[in-house]
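Have a look at my_file34.pdb below; it lists PDB, C-alpha atoms, pLDDT in the B column.
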ATOM      1  CA  MET A   1     -91.116 -56.464  29.658  1.00 43.00           C
ATOM      2  CA  LYS A   2     -93.310 -55.815  26.653  1.00 51.00           C
ATOM      3  CA  ASN A   3     -95.510 -58.811  27.440  1.00 78.00           C
ATOM      4  CA  LYS A   4     -95.870 -57.836  31.090  1.00 85.00           C
ATOM      5  CA  LEU A   5     -96.964 -54.309  30.219  1.00 84.00           C
ATOM      6  CA  SER A   6     -99.668 -55.415  27.804  1.00 85.00           C
ATOM      7  CA  ILE A   7    -100.822 -58.188  30.153  1.00 88.00           C
ATOM      8  CA  ILE A   8    -101.183 -55.725  33.037  1.00 90.00           C
ATOM      9  CA  LEU A   9    -102.960 -53.115  30.895  1.00 91.00           C
ATOM     10  CA  ASN A  10    -105.352 -55.596  29.279  1.00 91.00           C
ATOM     11  CA  LEU A  11    -106.142 -57.262  32.584  1.00 92.00           C
ATOM     12  CA  ALA A  12    -106.775 -53.877  34.206  1.00 93.00           C
ATOM     13  CA  ILE A  13    -109.104 -52.875  31.355  1.00 94.00           C
ATOM     14  CA  GLY A  14    -111.049 -56.120  31.647  1.00 94.00           C
ATOM     15  CA  VAL A  15    -111.349 -56.091  35.428  1.00 95.00           C
ATOM     16  CA  ILE A  16    -112.305 -52.411  35.623  1.00 96.00           C
ATOM     17  CA  GLY A  17    -114.913 -52.996  32.923  1.00 96.00           C
ATOM     18  CA  ALA A  18    -116.294 -56.046  34.746  1.00 96.00           C
ATOM     19  CA  ILE A  19    -116.564 -54.103  38.000  1.00 96.00           C
ATOM     20  CA  GLY A  20    -118.358 -51.311  36.152  1.00 96.00           C
ATOM     21  CA  GLU A  21    -120.813 -53.770  34.622  1.00 96.00           C
ATOM     22  CA  ALA A  22    -121.457 -55.364  38.015  1.00 96.00           C
ATOM     23  CA  VAL A  23    -122.122 -51.946  39.548  1.00 96.00           C
ATOM     24  CA  LEU A  24    -124.578 -51.108  36.746  1.00 95.00           C
ATOM     25  CA  LEU A  25    -126.424 -54.419  37.089  1.00 94.00           C
ATOM     26  CA  ARG A  26    -126.565 -54.072  40.872  1.00 94.00           C
ATOM     27  CA  GLN A  27    -127.898 -50.527  40.524  1.00 94.00           C
ATOM     28  CA  ASP A  28    -130.615 -51.775  38.160  1.00 90.00           C
ATOM     29  CA  LEU A  29    -131.718 -54.593  40.433  1.00 88.00           C
ATOM     30  CA  VAL A  30    -131.611 -52.677  43.712  1.00 90.00           C
ATOM     31  CA  ASN A  31    -132.692 -49.145  42.836  1.00 85.00           C
ATOM     32  CA  ARG A  32    -134.403 -48.986  39.459  1.00 81.00           C
ATOM     33  CA  TYR A  33    -137.790 -49.539  37.947  1.00 80.00           C
ATOM     34  CA  PRO A  34    -139.246 -52.140  37.387  1.00 79.00           C
ATOM     35  CA  TYR A  35    -137.221 -54.261  39.824  1.00 74.00           C
ATOM     36  CA  LYS A  36    -137.718 -52.009  42.842  1.00 75.00           C
ATOM     37  CA  VAL A  37    -141.530 -51.966  42.628  1.00 70.00           C
ATOM     38  CA  MET A  38    -142.199 -55.680  42.154  1.00 69.00           C
ATOM     39  CA  GLY A  39    -143.679 -56.309  45.592  1.00 74.00           C
ATOM     40  CA  PRO A  40    -142.246 -59.394  47.294  1.00 74.00           C
ATOM     41  CA  LEU A  41    -139.944 -59.996  44.330  1.00 78.00           C
ATOM     42  CA  SER A  42    -138.135 -56.701  45.033  1.00 81.00           C
ATOM     43  CA  ALA A  43    -136.271 -58.255  47.952  1.00 84.00           C
ATOM     44  CA  VAL A  44    -135.104 -61.117  45.731  1.00 85.00           C
ATOM     45  CA  TYR A  45    -133.874 -58.667  43.081  1.00 84.00           C
ATOM     46  CA  ALA A  46    -132.029 -56.658  45.738  1.00 89.00           C
ATOM     47  CA  GLY A  47    -130.354 -59.828  47.019  1.00 89.00           C
ATOM     48  CA  ILE A  48    -129.322 -60.776  43.497  1.00 89.00           C
ATOM     49  CA  GLY A  49    -127.865 -57.307  43.029  1.00 92.00           C
ATOM     50  CA  GLU A  50    -125.861 -57.388  46.249  1.00 93.00           C
ATOM     51  CA  TRP A  51    -124.461 -60.891  45.741  1.00 94.00           C
ATOM     52  CA  GLY A  52    -123.864 -60.337  42.039  1.00 93.00           C
ATOM     53  CA  LEU A  53    -121.803 -57.239  42.779  1.00 94.00           C
ATOM     54  CA  LEU A  54    -119.462 -59.367  44.873  1.00 95.00           C
ATOM     55  CA  ILE A  55    -119.383 -62.628  42.944  1.00 95.00           C
ATOM     56  CA  SER A  56    -119.510 -61.768  39.241  1.00 95.00           C
ATOM     57  CA  PRO A  57    -116.364 -59.574  39.022  1.00 95.00           C
ATOM     58  CA  LEU A  58    -114.408 -62.130  41.052  1.00 95.00           C
ATOM     59  CA  VAL A  59    -115.439 -64.976  38.760  1.00 95.00           C
ATOM     60  CA  ALA A  60    -114.615 -62.807  35.731  1.00 94.00           C
ATOM     61  CA  LEU A  61    -111.136 -62.145  37.156  1.00 93.00           C
ATOM     62  CA  VAL A  62    -110.559 -65.842  37.840  1.00 94.00           C
ATOM     63  CA  VAL A  63    -111.583 -66.711  34.269  1.00 93.00           C
ATOM     64  CA  ALA A  64    -109.178 -64.076  32.917  1.00 91.00           C
ATOM     65  CA  LEU A  65    -106.362 -65.436  35.093  1.00 91.00           C
ATOM     66  CA  ILE A  66    -107.049 -68.969  33.845  1.00 91.00           C
ATOM     67  CA  PHE A  67    -106.507 -67.699  30.300  1.00 88.00           C
ATOM     68  CA  LEU A  68    -103.457 -65.613  31.234  1.00 83.00           C
ATOM     69  CA  ARG A  69    -101.226 -67.443  28.751  1.00 78.00           C
ATOM     70  CA  ALA A  70    -103.711 -67.084  25.890  1.00 74.00           C
ATOM     71  CA  ASN A  71    -103.835 -64.174  23.458  1.00 73.00           C
ATOM     72  CA  GLN A  72    -103.385 -61.033  25.546  1.00 77.00           C
ATOM     73  CA  ASP A  73    -106.308 -59.342  23.820  1.00 77.00           C
ATOM     74  CA  TYR A  74    -108.592 -61.832  25.553  1.00 84.00           C
ATOM     75  CA  LEU A  75    -107.576 -60.477  28.936  1.00 89.00           C
ATOM     76  CA  ALA A  76    -109.437 -57.256  28.181  1.00 91.00           C
ATOM     77  CA  VAL A  77    -112.431 -59.043  26.677  1.00 93.00           C
ATOM     78  CA  LEU A  78    -113.060 -62.097  28.869  1.00 94.00           C
ATOM     79  CA  PRO A  79    -113.934 -60.325  32.130  1.00 95.00           C
ATOM     80  CA  VAL A  80    -116.405 -57.921  30.498  1.00 96.00           C
ATOM     81  CA  VAL A  81    -118.164 -60.739  28.676  1.00 96.00           C
ATOM     82  CA  VAL A  82    -118.122 -63.232  31.557  1.00 96.00           C
ATOM     83  CA  CYS A  83    -119.272 -60.823  34.290  1.00 96.00           C
ATOM     84  CA  PRO A  84    -122.823 -60.151  32.970  1.00 96.00           C
ATOM     85  CA  PHE A  85    -123.372 -63.846  32.269  1.00 96.00           C
ATOM     86  CA  VAL A  86    -122.306 -64.780  35.805  1.00 96.00           C
ATOM     87  CA  PHE A  87    -124.795 -62.183  37.061  1.00 93.00           C
ATOM     88  CA  TRP A  88    -127.462 -63.818  34.880  1.00 94.00           C
ATOM     89  CA  LEU A  89    -126.624 -67.252  36.316  1.00 95.00           C
ATOM     90  CA  LEU A  90    -126.971 -65.817  39.822  1.00 93.00           C
ATOM     91  CA  PHE A  91    -130.299 -64.288  38.804  1.00 88.00           C
ATOM     92  CA  GLU A  92    -131.607 -67.666  37.632  1.00 88.00           C
ATOM     93  CA  TRP A  93    -130.176 -69.502  40.648  1.00 90.00           C
ATOM     94  CA  PHE A  94    -131.750 -67.071  43.113  1.00 84.00           C
ATOM     95  CA  PHE A  95    -135.174 -67.571  41.561  1.00 78.00           C
ATOM     96  CA  TRP A  96    -134.733 -71.305  41.442  1.00 81.00           C
ATOM     97  CA  GLN A  97    -133.915 -71.212  45.167  1.00 81.00           C
ATOM     98  CA  SER A  98    -136.492 -68.562  46.123  1.00 74.00           C
ATOM     99  CA  GLY A  99    -139.541 -70.776  45.950  1.00 72.00           C
ATOM    100  CA  PHE A 100    -141.622 -68.403  43.851  1.00 63.00           C
ATOM    101  CA  SER A 101    -144.026 -70.481  41.818  1.00 58.00           C
ATOM    102  CA  ALA A 102    -144.643 -70.143  38.106  1.00 54.00           C
ATOM    103  CA  ALA A 103    -148.059 -68.671  38.902  1.00 56.00           C
ATOM    104  CA  MET A 104    -146.483 -65.989  41.087  1.00 63.00           C
ATOM    105  CA  MET A 105    -144.037 -65.133  38.313  1.00 60.00           C
ATOM    106  CA  LYS A 106    -146.959 -64.608  35.930  1.00 63.00           C
ATOM    107  CA  HIS A 107    -148.967 -62.431  38.315  1.00 62.00           C
ATOM    108  CA  PRO A 108    -149.032 -58.839  36.975  1.00 62.00           C
ATOM    109  CA  GLN A 109    -148.176 -55.881  39.194  1.00 63.00           C
ATOM    110  CA  PHE A 110    -149.998 -52.526  39.046  1.00 57.00           C
ATOM    111  CA  ASP A 111    -148.050 -51.589  35.892  1.00 59.00           C
ATOM    112  CA  GLN A 112    -148.669 -54.974  34.215  1.00 67.00           C
ATOM    113  CA  TYR A 113    -145.073 -56.139  34.705  1.00 70.00           C
ATOM    114  CA  THR A 114    -144.753 -59.759  35.765  1.00 72.00           C
ATOM    115  CA  GLY A 115    -141.780 -61.591  37.233  1.00 68.00           C
ATOM    116  CA  ASN A 116    -141.287 -63.237  33.845  1.00 74.00           C
ATOM    117  CA  SER A 117    -141.381 -59.964  31.909  1.00 79.00           C
ATOM    118  CA  VAL A 118    -138.890 -58.382  34.322  1.00 82.00           C
ATOM    119  CA  ARG A 119    -136.673 -61.423  33.813  1.00 83.00           C
ATOM    120  CA  GLN A 120    -136.724 -60.738  30.068  1.00 89.00           C
ATOM    121  CA  VAL A 121    -135.749 -57.100  30.695  1.00 88.00           C
ATOM    122  CA  PHE A 122    -132.814 -58.288  32.794  1.00 89.00           C
ATOM    123  CA  ILE A 123    -131.692 -60.775  30.142  1.00 93.00           C
ATOM    124  CA  GLN A 124    -131.772 -58.012  27.515  1.00 95.00           C
ATOM    125  CA  THR A 125    -129.661 -55.806  29.783  1.00 94.00           C
ATOM    126  CA  VAL A 126    -127.137 -58.622  30.310  1.00 96.00           C
ATOM    127  CA  LEU A 127    -126.845 -59.304  26.583  1.00 97.00           C
ATOM    128  CA  MET A 128    -126.462 -55.594  25.844  1.00 96.00           C
ATOM    129  CA  LEU A 129    -123.703 -55.174  28.456  1.00 95.00           C
ATOM    130  CA  ALA A 130    -121.855 -58.276  27.279  1.00 96.00           C
ATOM    131  CA  SER A 131    -122.017 -57.072  23.661  1.00 96.00           C
ATOM    132  CA  ILE A 132    -120.817 -53.590  24.509  1.00 96.00           C
ATOM    133  CA  GLY A 133    -118.096 -55.094  26.713  1.00 95.00           C
ATOM    134  CA  LEU A 134    -116.957 -57.279  23.829  1.00 96.00           C
ATOM    135  CA  VAL A 135    -116.668 -54.351  21.409  1.00 96.00           C
ATOM    136  CA  VAL A 136    -115.101 -51.907  23.865  1.00 95.00           C
ATOM    137  CA  GLY A 137    -112.781 -54.507  25.401  1.00 94.00           C
ATOM    138  CA  TRP A 138    -111.553 -55.694  22.015  1.00 95.00           C
ATOM    139  CA  SER A 139    -111.064 -52.113  20.796  1.00 94.00           C
ATOM    140  CA  LEU A 140    -109.089 -51.162  23.897  1.00 93.00           C
ATOM    141  CA  ALA A 141    -107.026 -54.342  23.647  1.00 91.00           C
ATOM    142  CA  ARG A 142    -106.102 -53.410  20.081  1.00 93.00           C
ATOM    143  CA  LEU A 143    -105.212 -49.907  21.276  1.00 93.00           C
ATOM    144  CA  VAL A 144    -103.006 -51.393  24.016  1.00 90.00           C
ATOM    145  CA  ARG A 145    -101.324 -53.620  21.443  1.00 88.00           C
ATOM    146  CA  TRP A 146    -100.628 -50.630  19.208  1.00 89.00           C
ATOM    147  CA  GLY A 147     -99.476 -48.463  22.137  1.00 86.00           C
ATOM    148  CA  THR A 148     -97.135 -51.060  23.612  1.00 82.00           C
ATOM    149  CA  HIS A 149     -95.696 -51.711  20.158  1.00 77.00           C
ATOM    150  CA  ARG A 150     -94.989 -47.977  19.725  1.00 81.00           C
ATOM    151  CA  PHE A 151     -93.587 -47.760  23.257  1.00 76.00           C
ATOM    152  CA  ASN A 152     -91.220 -50.666  22.605  1.00 72.00           C
ATOM    153  CA  GLN A 153     -90.128 -49.131  19.291  1.00 74.00           C
ATOM    154  CA  GLN A 154     -89.325 -45.843  21.010  1.00 73.00           C
ATOM    155  CA  ARG A 155     -87.444 -47.636  23.770  1.00 67.00           C
ATOM    156  CA  SER A 156     -85.362 -49.589  21.289  1.00 67.00           C
ATOM    157  CA  LEU A 157     -84.513 -46.389  19.388  1.00 63.00           C
ATOM    158  CA  VAL A 158     -83.414 -44.630  22.556  1.00 62.00           C
ATOM    159  CA  GLY A 159     -81.422 -47.671  23.662  1.00 59.00           C
ATOM    160  CA  SER A 160     -79.524 -47.847  20.354  1.00 56.00           C
ATOM    161  CA  TYR A 161     -77.752 -44.515  20.933  1.00 53.00           C
TER     162      TYR A 161
END
Take the structure I supplied and represent it as structure tokens, if you would.
Amino acid sequence: MKNKLSIILNLAIGVIGAIGEAVLLRQDLVNRYPYKVMGPLSAVYAGIGEWGLLISPLVALVVALIFLRANQDYLAVLPVVVCPFVFWLLFEWFFWQSGFSAAMMKHPQFDQYTGNSVRQVFIQTVLMLASIGLVVGWSLARLVRWGTHRFNQQRSLVGSY
């Protein structure tokens, strides 16, 4: 019982966090500056956002389920670290498939952003989200460990009467 409770809680923390990260990354790519005002690249960013919202949390969940028997703390951490990196892989794959040339990626827009500079902004966002996910996921996993330990202690005390 005690293992099942912590597994469920840690997995829920990780998956909810991964979904939240995917929603944030999708929102950036579809509706925020500089992605939305990049001319013909805007449609590519929007496509990345839509597909990433669907694919990255699912891959993060599958990775967590693969490591189900590992340390339970990892179940809260793996999805929130994997999800942004899957989004980044989709980002790179979309541009590799899009046919935009290197010259087009270096062409500045009205605000001097280029496809390459926007790519760097996205990479920074991914690294930031993965880092925050690591810290928050690990902290919550430790809290779950402490809470389930206390819960099991209380249950054993009540059961001894």
Requested in this report: Using the chain letters and numbering of this document, enumerate as a list of chain:residue names the residues selected by the PyMOL selection byres ((chain A and resi 76) around 9).
Outcome: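 Here the PyMOL selection byres ((chain A and resi 76) around 9) matches A:Ile7, A:Leu9, A:Asn10, A:Leu11, A:Ala12, A:Ile13, A:Gly14, A:Val15, A:Gly17, A:Ala64, A:Gln72, A:Asp73, A:Tyr74, A:Leu75, A:Val77, A:Leu78, A:Pro79, A:Val80, A:Leu134, A:Val136, A:Gly137, A:Trp138, A:Leu140, A:Ala141.
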Query raised in the report: Which of these residues is nearest to A:Phe151, using all atoms listed in the file: A:Leu41, A:Val121, A:Leu5, A:Leu65?
Result: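 Looking at the shortest contact to A:Phe151, the residue is A:Leu5.
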Report task. Could you jot down the atom CA of A:Leu58 to atom CA of A:Tyr33 separation for me, Å, one decimal place? Result ->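 Taking atom CA of A:Leu58 and atom CA of A:Tyr33, their separation equals 26.7 Å.
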Report summary line: Students should find that atom CA of A:Trp88 and atom CA of A:Phe122 are spaced 8.0 Å
Query raised in the report: Which is closest to A:Pro40 among A:Thr114, A:Leu53, A:Arg69, A:Leu90, if we use all atoms listed in the file?
Result: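 The closest residue to A:Pro40 is A:Thr114.
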**Report entry** Nearest candidate to A:Leu127 (options A:Gly99, A:Pro84, A:Gly147, A:Pro57; using all atoms listed in the file)
**Finding:** A:Pro84
Query raised in the report: So how many Å separate atom CA of A:Trp93 and atom CA of A:Ile48, to one decimal?
Result: 9.2 Å
Return as JSON the box centre and box size in Å, one decimal, for an axis-aligned box around all listed atoms of stretch 128-145 of chain A padded by 8 Å per side.
{"center_x": -113.9, "center_y": -54.1, "center_z": 24.3, "size_x": 41.1, "size_y": 24.4, "size_z": 24.4}
**Report entry** Residues selected by the PyMOL selection byres ((chain A and resi 59) around 10), written as a list in words
**Finding:** Ala18, Leu54, Ile55, Ser56, Pro57, Leu58, Ala60, Leu61, Val62, Val63, Ala64, Leu65, Pro79, Val82, Cys83, Val86 and Phe87 of chain A
Emit the selected residues as a PDB file, keeping the file's coordinate frame, including C-alpha atoms.
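Listing of again-v5.pdb after writing:
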ATOM      1  CA  ALA A  18    -116.294 -56.046  34.746  1.00 96.00           C
ATOM      2  CA  LEU A  54    -119.462 -59.367  44.873  1.00 95.00           C
ATOM      3  CA  ILE A  55    -119.383 -62.628  42.944  1.00 95.00           C
ATOM      4  CA  SER A  56    -119.510 -61.768  39.241  1.00 95.00           C
ATOM      5  CA  PRO A  57    -116.364 -59.574  39.022  1.00 95.00           C
ATOM      6  CA  LEU A  58    -114.408 -62.130  41.052  1.00 95.00           C
ATOM      7  CA  ALA A  60    -114.615 -62.807  35.731  1.00 94.00           C
ATOM      8  CA  LEU A  61    -111.136 -62.145  37.156  1.00 93.00           C
ATOM      9  CA  VAL A  62    -110.559 -65.842  37.840  1.00 94.00           C
ATOM     10  CA  VAL A  63    -111.583 -66.711  34.269  1.00 93.00           C
ATOM     11  CA  ALA A  64    -109.178 -64.076  32.917  1.00 91.00           C
ATOM     12  CA  LEU A  65    -106.362 -65.436  35.093  1.00 91.00           C
ATOM     13  CA  PRO A  79    -113.934 -60.325  32.130  1.00 95.00           C
ATOM     14  CA  VAL A  82    -118.122 -63.232  31.557  1.00 96.00           C
ATOM     15  CA  CYS A  83    -119.272 -60.823  34.290  1.00 96.00           C
ATOM     16  CA  VAL A  86    -122.306 -64.780  35.805  1.00 96.00           C
ATOM     17  CA  PHE A  87    -124.795 -62.183  37.061  1.00 93.00           C
TER      18      PHE A  87
END
Pop stretch 40-93 of chain A out of the structure in the block and write C-alpha atoms as a PDB file, in the first residue's frame.
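Contents of part13.pdb, as written:
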ATOM      1  CA  PRO A  40       6.289  32.690 -42.728  1.00  0.00           C
ATOM      2  CA  LEU A  41       8.049  31.058 -39.780  1.00  0.00           C
ATOM      3  CA  SER A  42       5.051  31.827 -37.533  1.00  0.00           C
ATOM      4  CA  ALA A  43       3.063  28.987 -39.080  1.00  0.00           C
ATOM      5  CA  VAL A  44       5.919  26.566 -38.395  1.00  0.00           C
ATOM      6  CA  TYR A  45       6.120  27.703 -34.761  1.00  0.00           C
ATOM      7  CA  ALA A  46       2.354  27.292 -34.382  1.00  0.00           C
ATOM      8  CA  GLY A  47       2.564  23.762 -35.793  1.00  0.00           C
ATOM      9  CA  ILE A  48       5.382  22.912 -33.404  1.00  0.00           C
ATOM     10  CA  GLY A  49       3.294  24.231 -30.529  1.00  0.00           C
ATOM     11  CA  GLU A  50       0.210  22.224 -31.454  1.00  0.00           C
ATOM     12  CA  TRP A  51       2.050  18.946 -32.047  1.00  0.00           C
ATOM     13  CA  GLY A  52       4.320  19.442 -29.053  1.00  0.00           C
ATOM     14  CA  LEU A  53       1.317  19.889 -26.779  1.00  0.00           C
ATOM     15  CA  LEU A  54       0.102  16.444 -27.802  1.00  0.00           C
ATOM     16  CA  ILE A  55       3.341  14.506 -28.141  1.00  0.00           C
ATOM     17  CA  SER A  56       5.696  15.735 -25.419  1.00  0.00           C
ATOM     18  CA  PRO A  57       3.537  14.934 -22.344  1.00  0.00           C
ATOM     19  CA  LEU A  58       2.743  11.495 -23.765  1.00  0.00           C
ATOM     20  CA  VAL A  59       6.415  10.699 -24.317  1.00  0.00           C
ATOM     21  CA  ALA A  60       7.201  12.003 -20.818  1.00  0.00           C
ATOM     22  CA  LEU A  61       4.538   9.688 -19.361  1.00  0.00           C
ATOM     23  CA  VAL A  62       5.876   6.699 -21.295  1.00  0.00           C
ATOM     24  CA  VAL A  63       9.409   7.411 -20.042  1.00  0.00           C
ATOM     25  CA  ALA A  64       8.118   7.616 -16.458  1.00  0.00           C
ATOM     26  CA  LEU A  65       6.247   4.324 -16.874  1.00  0.00           C
ATOM     27  CA  ILE A  66       9.393   2.660 -18.233  1.00  0.00           C
ATOM     28  CA  PHE A  67      11.167   3.650 -15.017  1.00  0.00           C
ATOM     29  CA  LEU A  68       8.232   2.672 -12.789  1.00  0.00           C
ATOM     30  CA  ARG A  69      10.338   0.201 -10.801  1.00  0.00           C
ATOM     31  CA  ALA A  70      13.165   2.689 -10.249  1.00  0.00           C
ATOM     32  CA  ASN A  71      13.422   5.088  -7.321  1.00  0.00           C
ATOM     33  CA  GLN A  72       9.945   6.536  -6.833  1.00  0.00           C
ATOM     34  CA  ASP A  73      11.329  10.058  -6.603  1.00  0.00           C
ATOM     35  CA  TYR A  74      12.211   9.803 -10.288  1.00  0.00           C
ATOM     36  CA  LEU A  75       8.552   9.450 -11.185  1.00  0.00           C
ATOM     37  CA  ALA A  76       7.983  13.069 -10.194  1.00  0.00           C
ATOM     38  CA  VAL A  77      11.160  14.293 -11.874  1.00  0.00           C
ATOM     39  CA  LEU A  78      11.429  12.384 -15.162  1.00  0.00           C
ATOM     40  CA  PRO A  79       8.293  13.707 -16.881  1.00  0.00           C
ATOM     41  CA  VAL A  80       9.053  17.361 -16.093  1.00  0.00           C
ATOM     42  CA  VAL A  81      12.611  17.044 -17.358  1.00  0.00           C
ATOM     43  CA  VAL A  82      11.812  14.914 -20.415  1.00  0.00           C
ATOM     44  CA  CYS A  83       8.817  16.943 -21.642  1.00  0.00           C
ATOM     45  CA  PRO A  84      10.684  20.184 -22.546  1.00  0.00           C
ATOM     46  CA  PHE A  85      13.460  18.229 -24.254  1.00  0.00           C
ATOM     47  CA  VAL A  86      10.942  16.291 -26.356  1.00  0.00           C
ATOM     48  CA  PHE A  87       9.424  19.647 -27.330  1.00  0.00           C
ATOM     49  CA  TRP A  88      12.912  20.836 -28.310  1.00  0.00           C
ATOM     50  CA  LEU A  89      13.447  17.718 -30.443  1.00  0.00           C
ATOM     51  CA  LEU A  90      10.130  18.395 -32.177  1.00  0.00           C
ATOM     52  CA  PHE A  91      11.214  21.998 -32.719  1.00  0.00           C
ATOM     53  CA  GLU A  92      14.435  20.879 -34.413  1.00  0.00           C
ATOM     54  CA  TRP A  93      12.683  18.153 -36.415  1.00  0.00           C
TER      55      TRP A  93
END
